[in-house]
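Next comes model-v1.cif, with mmCIF, C-alpha atoms and all ligand atoms.
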```cif
data_start
loop_
_atom_site.label_atom_id
_atom_site.label_comp_id
_atom_site.auth_asym_id
_atom_site.auth_seq_id
_atom_site.Cartn_x
_atom_site.Cartn_y
_atom_site.Cartn_z
CA MET J 581 91.10 76.29 99.61
CA ALA J 582 89.50 79.29 97.82
CA SER J 583 85.83 79.99 98.60
CA PRO J 584 83.13 80.09 95.92
CA ARG J 585 82.46 83.44 94.20
CA LEU J 586 79.41 85.53 95.03
CA ASN J 587 76.89 86.56 92.40
CA VAL J 588 76.06 89.71 94.29
CA CYS J 589 78.13 92.39 95.94
CA PRO J 590 78.41 91.67 99.66
CA ASP J 591 76.51 93.91 102.06
CA GLY J 592 78.33 96.69 103.79
CA ILE J 593 80.73 97.59 100.99
CA ARG J 594 81.35 101.34 101.17
CA THR J 595 84.67 101.72 99.39
CA ALA J 596 86.76 99.79 96.89
CA GLN J 597 89.09 98.77 99.71
CA ASP J 598 86.20 96.97 101.44
CA TYR J 599 86.45 94.36 98.64
CA ARG J 600 89.98 93.47 99.61
CA PRO J 601 89.27 90.98 102.45
CA TYR J 602 86.62 89.24 100.34
CA ALA J 603 89.11 88.88 97.49
CA GLU J 604 91.76 87.49 99.82
CA ARG J 605 89.29 84.95 101.13
CA ASN J 606 88.27 83.89 97.62
CA LEU J 607 91.71 83.40 96.10
CA GLU J 608 94.31 80.69 96.51
CA PRO J 609 97.17 82.07 98.66
CA ALA J 610 99.62 81.99 95.73
CA VAL J 611 97.23 83.95 93.50
CA TRP J 612 96.55 86.48 96.25
CA GLN J 613 100.30 86.89 96.70
CA TYR J 614 100.75 87.43 92.96
CA LEU J 615 98.01 90.07 92.93
CA GLN J 616 99.34 91.93 95.94
CA GLU J 617 103.04 91.86 95.05
CA GLY J 618 104.43 95.39 95.51
CA GLU J 619 101.44 96.40 97.67
CA PRO J 620 101.35 98.34 99.82
CA ASN J 621 104.02 100.56 98.38
CA VAL J 622 104.34 102.57 101.56
CA HIS J 623 105.89 105.69 100.07
CA GLU J 624 103.24 105.89 97.38
CA ARG J 625 100.43 105.84 99.94
CA GLN J 626 102.19 108.37 102.17
CA ALA J 627 102.23 110.90 99.35
CA PHE J 628 98.52 110.38 98.69
CA GLU J 629 97.62 110.64 102.33
CA ALA J 630 99.64 113.82 102.79
CA MET J 631 97.54 115.69 100.22
CA ARG J 632 95.24 118.23 101.81
CA LEU J 633 92.15 119.44 99.98
CA VAL J 634 90.68 122.88 100.58
CA PRO J 635 86.87 122.98 100.87
CA ARG J 636 85.13 125.68 98.84
CA PRO J 637 81.62 125.82 100.24
CA LEU J 638 78.77 127.68 98.57
CA SER J 639 80.16 127.11 95.07
CA ASP J 640 77.45 126.54 92.49
CA VAL J 641 78.31 123.13 91.08
CA ARG J 642 74.88 122.26 89.68
CA GLY J 643 75.23 120.53 86.34
CA GLY J 644 78.77 119.44 87.16
CA HIS J 645 80.14 116.27 85.60
CA THR J 646 83.22 114.05 85.26
CA ARG J 647 83.11 113.66 81.47
CA ILE J 648 86.37 113.54 79.58
CA ARG J 649 87.47 113.30 75.99
CA LEU J 650 90.56 111.15 75.65
CA LEU J 651 92.26 110.39 72.33
CA GLY J 652 88.99 110.45 70.45
CA GLU J 653 86.83 108.65 73.04
CA THR J 654 84.22 110.33 75.20
CA LEU J 655 84.11 108.74 78.65
CA MET J 656 81.76 109.57 81.51
CA HIS J 657 84.61 109.56 84.03
CA PRO J 658 88.43 109.49 84.05
CA ILE J 659 88.89 106.14 85.87
CA LEU J 660 90.25 103.56 83.42
CA LEU J 661 90.92 99.90 84.17
CA ALA J 662 94.69 99.30 83.99
CA PRO J 663 96.04 96.35 82.02
CA VAL J 664 96.32 93.37 84.34
CA ALA J 665 97.49 89.93 83.25
CA TYR J 666 95.80 86.54 83.60
CA GLN J 667 92.43 87.69 84.94
CA ARG J 668 90.93 84.20 84.89
CA LEU J 669 93.12 83.60 87.91
CA PHE J 670 90.82 85.95 89.79
CA HIS J 671 87.44 84.94 88.39
CA PRO J 672 86.33 82.38 85.78
CA ASP J 673 84.83 85.19 83.65
CA GLY J 674 88.28 86.83 83.49
CA GLU J 675 88.96 89.84 81.26
CA CYS J 676 85.51 89.61 79.66
CA ALA J 677 83.91 90.46 83.02
CA SER J 678 86.18 93.47 83.54
CA ALA J 679 85.58 94.70 79.99
CA MET J 680 81.80 94.43 80.42
CA ALA J 681 82.00 96.33 83.69
CA ALA J 682 84.09 99.12 82.18
CA ALA J 683 81.63 99.45 79.29
CA ALA J 684 78.61 99.37 81.62
CA GLN J 685 80.14 102.26 83.54
CA ASP J 686 80.78 104.20 80.29
CA GLY J 687 84.49 103.94 80.82
CA LEU J 688 87.45 102.17 79.28
CA MET J 689 89.59 99.11 79.91
CA VAL J 690 93.11 98.56 78.70
CA VAL J 691 93.52 94.86 77.88
CA SER J 692 96.87 93.23 78.70
CA SER J 693 99.05 91.39 76.20
CA LEU J 694 99.00 88.70 78.87
CA ALA J 695 95.20 88.39 78.85
CA SER J 696 93.87 84.93 79.59
CA GLN J 697 91.04 85.14 77.03
CA PRO J 698 91.19 85.83 73.29
CA LEU J 699 91.42 89.54 72.42
CA GLU J 700 88.44 89.19 70.08
CA GLU J 701 86.20 87.71 72.80
CA ILE J 702 87.07 90.44 75.26
CA ILE J 703 86.19 93.22 72.86
CA ALA J 704 82.96 91.43 71.92
CA ALA J 705 82.03 91.24 75.61
CA ALA J 706 82.60 94.98 75.97
CA GLY J 707 80.58 95.81 72.86
CA ARG J 708 82.71 98.89 72.31
CA PRO J 709 86.32 99.67 71.47
CA LEU J 710 88.93 99.03 74.15
CA TRP J 711 92.60 99.89 74.29
CA PHE J 712 95.32 97.28 73.90
CA GLN J 713 98.37 97.05 76.15
CA LEU J 714 101.39 95.89 74.25
CA TYR J 715 104.41 94.07 75.60
CA TRP J 716 107.41 93.75 73.33
CA GLN J 717 107.55 90.20 72.02
CA GLY J 718 111.31 89.80 71.69
CA SER J 719 111.49 90.86 68.03
CA ARG J 720 109.88 93.39 65.69
CA GLU J 721 108.11 90.72 63.60
CA ARG J 722 106.50 89.02 66.58
CA THR J 723 105.50 92.33 68.16
CA LEU J 724 103.95 93.49 64.90
CA ARG J 725 101.92 90.30 64.54
CA LEU J 726 100.41 90.85 67.97
CA LEU J 727 99.74 94.53 67.29
CA ARG J 728 98.05 93.74 63.96
CA ARG J 729 95.83 91.17 65.63
CA ALA J 730 94.68 93.70 68.24
CA GLN J 731 94.10 96.31 65.56
CA ALA J 732 92.06 93.88 63.46
CA ALA J 733 89.97 92.99 66.52
CA GLY J 734 88.99 96.66 66.89
CA TYR J 735 91.21 97.95 69.69
CA SER J 736 91.38 101.72 69.28
CA ALA J 737 94.69 102.66 70.93
CA VAL J 738 97.94 100.97 71.87
CA MET J 739 99.48 101.41 75.31
CA TRP J 740 102.99 100.05 75.16
CA THR J 741 104.34 99.11 78.58
CA VAL J 742 108.05 99.81 78.55
CA ASP J 743 108.96 99.50 82.23
CA ALA J 744 108.95 95.69 82.29
CA PRO J 745 110.94 94.95 79.14
CA VAL J 746 111.14 91.20 79.45
CA LYS J 747 107.79 89.78 80.53
CA GLN J 748 107.76 86.45 78.85
CA ALA J 749 107.78 84.28 81.92
CA VAL J 750 104.56 82.31 81.84
CA MET J 751 102.75 82.22 85.16
CA ARG J 752 102.59 78.77 86.62
CA LEU J 753 99.90 79.50 89.17
CA SER J 754 97.28 77.51 87.36
CA ALA J 755 97.25 74.85 84.68
CA HIS J 756 94.13 76.43 83.16
CA VAL J 757 95.18 80.06 82.89
CA ALA J 758 97.66 81.19 80.26
CA ALA J 759 98.56 84.12 78.03
CA VAL J 760 96.42 82.75 75.20
CA ASN J 761 97.12 85.54 72.71
CA LEU J 762 100.89 85.12 72.64
CA GLU J 763 103.21 82.94 70.59
CA PRO J 764 105.57 80.70 72.60
CA PRO J 765 108.49 82.72 74.06
CA LEU J 766 111.65 83.08 72.01
CA PRO J 767 114.55 81.04 73.40
CA LEU J 768 117.21 83.18 75.03
CA PRO J 769 120.66 83.17 73.40
CA GLU J 770 123.12 80.65 74.78
CA LEU J 771 125.54 82.35 77.09
CA LEU J 772 129.28 81.96 76.91
CA GLN J 773 131.27 81.79 80.09
CA TYR J 774 131.46 85.17 81.92
CA GLN J 775 128.64 86.65 79.88
CA SER J 776 125.83 88.34 81.75
CA VAL J 777 122.38 86.76 81.97
CA VAL J 778 120.93 90.26 82.05
CA PHE J 779 122.91 92.14 79.39
CA ASP J 780 123.73 89.29 77.03
CA GLY J 781 120.59 87.27 77.75
CA TRP J 782 117.29 88.96 78.57
CA MET J 783 118.15 92.45 77.35
CA THR J 784 118.97 91.18 73.86
CA GLN J 785 115.20 90.75 73.50
CA ALA J 786 114.24 94.10 75.05
CA PRO J 787 113.15 97.11 73.00
CA THR J 788 115.02 100.43 72.72
CA TRP J 789 114.12 103.96 71.63
CA GLU J 790 114.84 102.93 68.03
CA ASP J 791 112.03 100.43 68.32
CA VAL J 792 109.69 103.16 69.57
CA ALA J 793 110.43 105.17 66.42
CA TRP J 794 109.93 102.04 64.32
CA LEU J 795 106.67 101.00 66.00
CA ARG J 796 105.28 104.51 65.70
CA ASP J 797 105.46 104.08 61.91
CA GLN J 798 103.69 100.71 61.94
CA THR J 799 100.23 101.82 63.01
CA ASP J 800 97.84 104.75 62.73
CA LEU J 801 96.39 104.00 66.16
CA PRO J 802 97.25 106.39 68.98
CA LEU J 803 100.34 105.14 70.80
CA LEU J 804 100.96 105.74 74.51
CA LEU J 805 104.01 104.67 76.50
CA LYS J 806 103.30 103.27 79.96
CA GLY J 807 105.88 103.25 82.72
CA ILE J 808 107.53 106.62 82.14
CA LEU J 809 108.94 108.26 85.26
CA HIS J 810 111.58 110.67 83.92
CA PRO J 811 110.70 113.97 82.21
CA GLU J 812 113.41 113.41 79.57
CA ASP J 813 111.84 110.09 78.59
CA ALA J 814 108.39 111.66 78.43
CA SER J 815 109.68 114.37 76.17
CA ARG J 816 111.53 111.93 73.96
CA ALA J 817 108.43 109.76 73.53
CA ILE J 818 106.41 112.76 72.39
CA ASP J 819 109.17 113.88 70.02
CA LEU J 820 108.97 110.41 68.45
CA GLY J 821 105.26 110.86 67.84
CA CYS J 822 103.64 109.12 70.82
CA GLU J 823 100.22 110.55 71.63
CA GLY J 824 100.24 109.97 75.37
CA ILE J 825 102.22 108.99 78.44
CA VAL J 826 101.32 106.87 81.42
CA VAL J 827 103.21 107.87 84.53
CA SER J 828 103.33 104.58 86.41
CA SER J 829 105.55 102.54 88.69
CA HIS J 830 103.66 99.39 87.60
CA GLY J 831 102.08 99.44 91.04
CA GLY J 832 105.53 99.13 92.66
CA ARG J 833 106.05 95.73 91.06
CA VAL J 834 109.11 96.16 88.85
CA LEU J 835 111.95 98.21 90.33
CA PRO J 836 112.20 97.86 94.11
CA GLY J 837 112.94 101.20 95.73
CA GLY J 838 112.20 103.11 92.55
CA VAL J 839 110.84 106.63 92.51
CA THR J 840 107.10 106.69 93.14
CA ALA J 841 104.81 107.62 90.29
CA ILE J 842 103.09 110.32 92.34
CA ASP J 843 106.42 112.00 93.06
CA ALA J 844 107.43 111.82 89.40
CA LEU J 845 104.17 113.23 88.03
CA PRO J 846 104.53 117.02 88.50
CA ALA J 847 107.85 117.32 86.66
CA ILE J 848 106.53 115.28 83.73
CA VAL J 849 103.36 117.36 83.52
CA GLN J 850 105.46 120.49 83.54
CA ARG J 851 107.79 119.21 80.84
CA LEU J 852 105.00 118.09 78.51
CA ASP J 853 103.05 121.31 79.06
CA GLY J 854 99.74 119.97 77.75
CA ARG J 855 101.14 118.64 74.45
CA VAL J 856 99.62 115.18 74.99
CA PRO J 857 97.38 113.54 77.60
CA VAL J 858 99.16 112.33 80.73
CA LEU J 859 97.64 109.29 82.43
CA PHE J 860 98.62 108.10 85.88
CA ASP J 861 98.46 104.86 87.83
CA SER J 862 99.97 103.19 90.92
CA GLY J 863 98.46 103.38 94.36
CA ILE J 864 95.06 104.95 93.64
CA ARG J 865 92.56 103.56 96.11
CA ASP J 866 89.64 106.02 96.16
CA GLY J 867 88.07 109.04 94.49
CA ARG J 868 90.03 111.41 96.66
CA ASP J 869 93.26 109.97 95.28
CA VAL J 870 91.87 110.47 91.76
CA PHE J 871 91.15 114.10 92.56
CA GLY J 872 94.66 114.59 93.97
CA VAL J 873 96.31 113.13 90.88
CA LEU J 874 94.23 115.28 88.55
CA ALA J 875 95.13 118.29 90.68
CA LEU J 876 98.79 117.47 90.05
CA GLY J 877 98.09 117.62 86.32
CA ALA J 878 97.16 114.15 85.11
CA ASP J 879 94.30 114.01 82.60
CA ALA J 880 93.00 110.58 83.64
CA VAL J 881 93.93 107.69 85.91
CA MET J 882 94.02 103.92 85.79
CA ILE J 883 93.32 101.59 88.68
CA GLY J 884 94.78 98.10 89.03
CA ARG J 885 94.43 96.04 92.20
CA PRO J 886 91.18 97.66 93.44
CA TYR J 887 89.17 96.38 90.47
CA LEU J 888 90.71 92.92 90.78
CA TRP J 889 89.46 92.84 94.37
CA GLY J 890 85.98 93.51 92.98
CA LEU J 891 86.46 90.90 90.24
CA ALA J 892 87.63 88.23 92.67
CA THR J 893 84.64 88.92 94.91
CA ALA J 894 81.69 89.36 92.57
CA GLY J 895 82.85 89.19 88.94
CA ALA J 896 81.67 91.91 86.53
CA LEU J 897 79.33 93.30 89.14
CA GLY J 898 82.16 93.78 91.61
CA VAL J 899 84.31 95.57 89.04
CA ALA J 900 81.45 97.86 88.00
CA HIS J 901 80.76 98.61 91.66
CA VAL J 902 84.39 99.54 92.33
CA ILE J 903 84.39 101.96 89.39
CA ARG J 904 81.08 103.49 90.48
CA LEU J 905 82.22 103.89 94.09
CA MET J 906 85.36 105.73 93.00
CA ARG J 907 83.40 107.93 90.62
CA ASP J 908 80.90 108.81 93.37
CA GLU J 909 83.77 109.68 95.71
CA LEU J 910 85.40 111.81 93.03
CA GLU J 911 82.14 113.67 92.40
CA MET J 912 81.67 114.31 96.10
CA VAL J 913 85.21 115.66 96.52
CA MET J 914 84.71 117.84 93.43
CA ALA J 915 81.45 119.22 94.79
CA LEU J 916 82.96 119.96 98.22
CA SER J 917 85.94 121.66 96.58
CA GLY J 918 83.82 123.74 94.23
CA ARG J 919 84.92 122.07 90.97
CA LYS J 920 82.24 121.45 88.36
CA GLN J 921 84.34 119.61 85.84
CA LEU J 922 87.67 117.86 85.56
CA GLU J 923 89.41 120.84 83.94
CA ASP J 924 88.67 122.87 87.09
CA ILE J 925 90.65 120.47 89.26
CA ARG J 926 94.16 121.27 88.11
CA VAL J 927 96.15 123.15 90.69
CA ARG J 928 97.46 125.60 88.15
CA SER J 929 93.94 126.38 86.96
CA LEU J 930 93.46 128.05 90.35
CA ALA J 931 96.22 130.55 89.80
C1 LIG Z 1 98.37 91.26 89.12
C2 LIG Z 1 98.87 92.38 88.25
C3 LIG Z 1 99.19 92.12 86.93
C4 LIG Z 1 99.60 93.16 86.10
N1 LIG Z 1 99.82 92.90 84.77
C5 LIG Z 1 100.15 93.93 83.95
C6 LIG Z 1 100.27 93.71 82.56
O1 LIG Z 1 100.05 92.61 82.05
N2 LIG Z 1 100.63 94.76 81.79
C7 LIG Z 1 100.87 96.01 82.31
O2 LIG Z 1 101.19 96.95 81.58
N3 LIG Z 1 100.76 96.24 83.63
C8 LIG Z 1 100.38 95.25 84.46
N4 LIG Z 1 100.20 95.50 85.78
C9 LIG Z 1 100.37 96.87 86.30
C10 LIG Z 1 99.04 97.66 86.19
O3 LIG Z 1 98.72 97.95 84.85
C11 LIG Z 1 99.12 99.00 86.92
O4 LIG Z 1 100.25 99.71 86.47
C12 LIG Z 1 99.19 98.86 88.44
O5 LIG Z 1 98.43 97.76 88.90
C13 LIG Z 1 98.65 100.12 89.07
O6 LIG Z 1 98.79 100.09 90.45
P1 LIG Z 1 97.61 99.73 91.46
O7 LIG Z 1 97.42 98.26 91.37
O8 LIG Z 1 98.17 100.18 92.76
O9 LIG Z 1 96.38 100.52 91.04
C14 LIG Z 1 99.75 94.47 86.63
C15 LIG Z 1 99.43 94.73 87.97
C16 LIG Z 1 98.98 93.69 88.77
C17 LIG Z 1 98.59 94.02 90.19
#
```

The structure given in the file should be rewritten as C-alpha cells.
Amino acid sequence: MASPRLNVCPDGIRTAQDYRPYAERNLEPAVWQYLQEGEPNVHERQAFEAMRLVPRPLSDVRGGHTRIRLLGETLMHPILLAPVAYQRLFHPDGECASAMAAAAQDGLMVVSSLASQPLEEIIAAAGRPLWFQLYWQGSRERTLRLLRRAQAAGYSAVMWTVDAPVKQAVMRLSAHVAAVNLEPPLPLPELLQYQSVVFDGWMTQAPTWEDVAWLRDQTDLPLLLKGILHPEDASRAIDLGCEGIVVSSHGGRVLPGGVTAIDALPAIVQRLDGRVPVLFDSGIRDGRDVFGVLALGADAVMIGRPYLWGLATAGALGVAHVIRLMRDELEMVMALSGRKQLEDIRVRSLA
C-alpha cells in the first residue's frame, strides 16, 4: 500500500538521489517498477563516474552564472525536465506540478504526448511557454492534429521522440491515469500467416525520414529530434531542417544493450560542429554529471527519473527542490573548476 504524500520536503535531503527511497515508499510497487525500468543502466553510470574534474583554484568567478539561451528562450540554468508519461501515477497533481516547479526555477519542462492532464491545463499551470514532446500517432493526419493542438495551446517548440516509434500501448497501472490528449490507438493491420508482427504490424505505423521532412514543413516551431545516437542520423536531421538534437538512450528503456548516450555524445557534437543546440539526457543524477556532459559538448541537459522521485515525495515542491539542488551542485563544480559561465565548460574551449 502506498504511503500518503508529504506537503514538505523531508529533512535531511542533500541530493536528488536522497528522494529516491521516499519515492519508492510512496508508490505502488508496479508504478515504482515502471518508473525505474532501465535503471540503473550500469554502463551509463560507469562513464559518468569515471570522469575526473581538474580543480582550478584562485580563479575569479565572481558574477558567474548558469544562464543559457536556447532556441529563443532565456533560462537561468541548463537543467530541463525531460518528457515523462503519465505523471499522475506519481502524484495527484501530475504534470501540472512539474510544470509549475520548472517555471518557479526559471527553467523549462518538455511535456509528454502521453501526459495524464490536458496540454492546455499544464501550460496554464506553468504560466509560461513549455515545449511539447511529440510521439508519432500512426499516421500523418493524426500526428498533425496533436501537433496543432499543442501549438494552439502555446507550446513553443516540438521535441519529436524517434527512438520509441510505436508507443501506443496504454498503461494499465491505474484506472484513473491515462494519456488524455491522445485519440484511441489505430488498430494494427491484420496479419497473414508467416507475416511478421514487427515488420508487417507495428512498423507499418512507425515514422521514417520522409515523415521528418514532411513534419518539418508543417510547423514554424523549432523542431528537435530526441533519441539520436548516431552521428549520421544527427547530421541528416539537421540537413532536413531540424533545429536541435537530443542525444538520449531514453534512460536505457528502449533498446537493451544499446550504446549509452554518454558514449555517443562526443562524436555527435563533433559532427554537428555547433550548427544546432545539442541536448543530452539519460543517467544524469547530480550537478557534477551536468558539468561533465556540458564539458563533452552538450548545450543543455534533461533529467528524468530524479525529478519524478521529487514529485512522488513532495509534489511541485519536491521537483523544484531537485532542480535547485542540481543547479547548486553545478554552480559549485563550476566555481571549483574556474568556470564562470556555461560556455567556459566545454573541453575544447580550454584548448
Ligand atoms: C517513467 C518514464 C516515462 C517516460 N516517458 C517518456 C515519454 O513519454 N516520452 C519521451 O520522449 N521520453 C520518455 N521517457 C524518457 C525520458 O524523457 C528521458 O529520456 C529519460 O528518463 C532520461 O533518463 P533519466 O531518467 O536517467 O534521467 C520516460 C522515462 C521514464 C523514466

Go through chain J and flag each residue having an atom no more than 6 Å from ligand LIG 1 (chain Z); for those, report the closest pair of atoms plus their distance in Å to one decimal, using all atoms listed in the file, ordered by chain and rising number, as JSON lines.
```
{"residue": "J:Tyr614", "atom": "CA", "partner": "Z:LIG1", "partner_atom": "C1", "distance": 5.9}
{"residue": "J:Leu615", "atom": "CA", "partner": "Z:LIG1", "partner_atom": "C1", "distance": 4.0}
{"residue": "J:Ala662", "atom": "CA", "partner": "Z:LIG1", "partner_atom": "O3", "distance": 4.3}
{"residue": "J:Pro663", "atom": "CA", "partner": "Z:LIG1", "partner_atom": "O3", "distance": 4.2}
{"residue": "J:Val664", "atom": "CA", "partner": "Z:LIG1", "partner_atom": "N1", "distance": 3.6}
{"residue": "J:Ala665", "atom": "CA", "partner": "Z:LIG1", "partner_atom": "O1", "distance": 3.9}
{"residue": "J:Ser692", "atom": "CA", "partner": "Z:LIG1", "partner_atom": "O1", "distance": 4.7}
{"residue": "J:Leu694", "atom": "CA", "partner": "Z:LIG1", "partner_atom": "O1", "distance": 5.1}
{"residue": "J:Thr741", "atom": "CA", "partner": "Z:LIG1", "partner_atom": "O2", "distance": 4.9}
{"residue": "J:Ser828", "atom": "CA", "partner": "Z:LIG1", "partner_atom": "O4", "distance": 5.8}
{"residue": "J:His830", "atom": "CA", "partner": "Z:LIG1", "partner_atom": "O4", "distance": 3.6}
{"residue": "J:Gly831", "atom": "CA", "partner": "Z:LIG1", "partner_atom": "O6", "distance": 3.4}
{"residue": "J:Asp861", "atom": "CA", "partner": "Z:LIG1", "partner_atom": "C13", "distance": 4.9}
{"residue": "J:Ser862", "atom": "CA", "partner": "Z:LIG1", "partner_atom": "O6", "distance": 3.4}
{"residue": "J:Gly863", "atom": "CA", "partner": "Z:LIG1", "partner_atom": "O8", "distance": 3.6}
{"residue": "J:Ile864", "atom": "CA", "partner": "Z:LIG1", "partner_atom": "O9", "distance": 5.3}
{"residue": "J:Ile883", "atom": "CA", "partner": "Z:LIG1", "partner_atom": "O9", "distance": 4.0}
{"residue": "J:Gly884", "atom": "CA", "partner": "Z:LIG1", "partner_atom": "O9", "distance": 3.5}
{"residue": "J:Arg885", "atom": "CA", "partner": "Z:LIG1", "partner_atom": "O7", "distance": 3.8}
```

Notebook entry, point to check: Between J:Val899, J:Gly832, J:Val691, J:Glu909, which is the closest to His623 in chain J once you count all atoms listed in the file?
Noted result: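 For His623 in chain J, the nearest of the candidates is J:Gly832.
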
Notebook entry, point to check: Which residue out of J:Gln626, J:Ser693, J:Ser829, J:Asn761 has the minimum interatomic distance to Met882 in chain J when all atoms listed in the file are used?
Noted result: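 Distance minimum relative to Met882 in chain J lands on J:Ser829.
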
Next item on the list: Can you work out which one of J:Thr840, J:Thr784, J:Thr893, J:Gln773 has the shortest atom-to-atom distance to Pro672 in chain J, counting only C-alpha atoms?
Entry: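 Nearest candidate to Pro672 in chain J out of J:Thr840, J:Thr784, J:Thr893, J:Gln773: J:Thr893.
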
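Residue nearest Ala596 in chain J within the list J:Phe779, J:Trp794, J:Leu891, J:Leu638: J:Leu891 [criterion: smallest interatomic distance, all atoms listed in the file].
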
Could you pull the residues within 12 Å of range 680-687 of chain J, counting only C-alpha atoms, minus those fewer than 2 positions along the same chain, as a PDB file with C-alpha atoms, keeping the file's coordinate frame?
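This is the output file part01.pdb:
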```pdb
ATOM      1  CA  THR J 646      83.220 114.050  85.260  1.00  0.00           C
ATOM      2  CA  ARG J 647      83.110 113.660  81.470  1.00  0.00           C
ATOM      3  CA  ILE J 648      86.370 113.540  79.580  1.00  0.00           C
ATOM      4  CA  ARG J 649      87.470 113.300  75.990  1.00  0.00           C
ATOM      5  CA  LEU J 650      90.560 111.150  75.650  1.00  0.00           C
ATOM      6  CA  GLU J 653      86.830 108.650  73.040  1.00  0.00           C
ATOM      7  CA  THR J 654      84.220 110.330  75.200  1.00  0.00           C
ATOM      8  CA  LEU J 655      84.110 108.740  78.650  1.00  0.00           C
ATOM      9  CA  MET J 656      81.760 109.570  81.510  1.00  0.00           C
ATOM     10  CA  HIS J 657      84.610 109.560  84.030  1.00  0.00           C
ATOM     11  CA  PRO J 658      88.430 109.490  84.050  1.00  0.00           C
ATOM     12  CA  ILE J 659      88.890 106.140  85.870  1.00  0.00           C
ATOM     13  CA  LEU J 660      90.250 103.560  83.420  1.00  0.00           C
ATOM     14  CA  LEU J 661      90.920  99.900  84.170  1.00  0.00           C
ATOM     15  CA  ALA J 662      94.690  99.300  83.990  1.00  0.00           C
ATOM     16  CA  ASP J 673      84.830  85.190  83.650  1.00  0.00           C
ATOM     17  CA  GLY J 674      88.280  86.830  83.490  1.00  0.00           C
ATOM     18  CA  GLU J 675      88.960  89.840  81.260  1.00  0.00           C
ATOM     19  CA  CYS J 676      85.510  89.610  79.660  1.00  0.00           C
ATOM     20  CA  ALA J 677      83.910  90.460  83.020  1.00  0.00           C
ATOM     21  CA  SER J 678      86.180  93.470  83.540  1.00  0.00           C
ATOM     22  CA  MET J 689      89.590  99.110  79.910  1.00  0.00           C
ATOM     23  CA  VAL J 690      93.110  98.560  78.700  1.00  0.00           C
ATOM     24  CA  VAL J 691      93.520  94.860  77.880  1.00  0.00           C
ATOM     25  CA  GLU J 701      86.200  87.710  72.800  1.00  0.00           C
ATOM     26  CA  ILE J 702      87.070  90.440  75.260  1.00  0.00           C
ATOM     27  CA  ILE J 703      86.190  93.220  72.860  1.00  0.00           C
ATOM     28  CA  ALA J 704      82.960  91.430  71.920  1.00  0.00           C
ATOM     29  CA  ALA J 705      82.030  91.240  75.610  1.00  0.00           C
ATOM     30  CA  ALA J 706      82.600  94.980  75.970  1.00  0.00           C
ATOM     31  CA  GLY J 707      80.580  95.810  72.860  1.00  0.00           C
ATOM     32  CA  ARG J 708      82.710  98.890  72.310  1.00  0.00           C
ATOM     33  CA  PRO J 709      86.320  99.670  71.470  1.00  0.00           C
ATOM     34  CA  LEU J 710      88.930  99.030  74.150  1.00  0.00           C
ATOM     35  CA  TRP J 711      92.600  99.890  74.290  1.00  0.00           C
ATOM     36  CA  ALA J 880      93.000 110.580  83.640  1.00  0.00           C
ATOM     37  CA  VAL J 881      93.930 107.690  85.910  1.00  0.00           C
ATOM     38  CA  MET J 882      94.020 103.920  85.790  1.00  0.00           C
ATOM     39  CA  ILE J 883      93.320 101.590  88.680  1.00  0.00           C
ATOM     40  CA  TYR J 887      89.170  96.380  90.470  1.00  0.00           C
ATOM     41  CA  LEU J 888      90.710  92.920  90.780  1.00  0.00           C
ATOM     42  CA  GLY J 890      85.980  93.510  92.980  1.00  0.00           C
ATOM     43  CA  LEU J 891      86.460  90.900  90.240  1.00  0.00           C
ATOM     44  CA  ALA J 894      81.690  89.360  92.570  1.00  0.00           C
ATOM     45  CA  GLY J 895      82.850  89.190  88.940  1.00  0.00           C
ATOM     46  CA  ALA J 896      81.670  91.910  86.530  1.00  0.00           C
ATOM     47  CA  LEU J 897      79.330  93.300  89.140  1.00  0.00           C
ATOM     48  CA  GLY J 898      82.160  93.780  91.610  1.00  0.00           C
ATOM     49  CA  VAL J 899      84.310  95.570  89.040  1.00  0.00           C
ATOM     50  CA  ALA J 900      81.450  97.860  88.000  1.00  0.00           C
ATOM     51  CA  HIS J 901      80.760  98.610  91.660  1.00  0.00           C
ATOM     52  CA  VAL J 902      84.390  99.540  92.330  1.00  0.00           C
ATOM     53  CA  ILE J 903      84.390 101.960  89.390  1.00  0.00           C
ATOM     54  CA  ARG J 904      81.080 103.490  90.480  1.00  0.00           C
ATOM     55  CA  LEU J 905      82.220 103.890  94.090  1.00  0.00           C
ATOM     56  CA  MET J 906      85.360 105.730  93.000  1.00  0.00           C
ATOM     57  CA  ARG J 907      83.400 107.930  90.620  1.00  0.00           C
ATOM     58  CA  ASP J 908      80.900 108.810  93.370  1.00  0.00           C
TER      59      ASP J 908
END
```

Checklist line | Selection: 9 Å around Gly872 in chain J, all atoms listed in the file, excl. self and same-chain fewer than 3 positions, as an MDAnalysis selection string | finding: chainID J and resid 628 631:633 867:869 875:877 925:926

Next item on the list: Measure the distance from CA of Asp791 in chain J to CA of Gly652 in chain J in Å and round it to one decimal.
Entry: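 If I compute the distance from CA of Asp791 in chain J to CA of Gly652 in chain J, I get 25.2 Å.
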
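The space separating CA of Gly824 in chain J from CA of Leu859 in chain J comes to 7.6 Å.
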
Next item on the list: Please provide as a ChimeraX atom specification all residues within 12 Å of Leu607 in chain J, with the sequence filter that same-chain residues fewer than 3 positions apart are discarded (counting all atoms listed in the file).
Entry: /J:581-585,600-604,610-616,667-672,753-754,888-889,891-893

Notebook entry, point to check: Restricting the calculation to all atoms listed in the file, which member of J:Val778, J:Val760, J:Met739, J:Val792 is positioned closest to Val827 in chain J?
Noted result: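 For Val827 in chain J, the nearest of the given residues is J:Met739.
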
Notebook entry, point to check: In Å to one decimal, how far is CA of Gly718 in chain J from CA of Glu763 in chain J?
Noted result: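 Going from CA of Glu763 in chain J over to CA of Gly718 in chain J, I get 10.7 Å.
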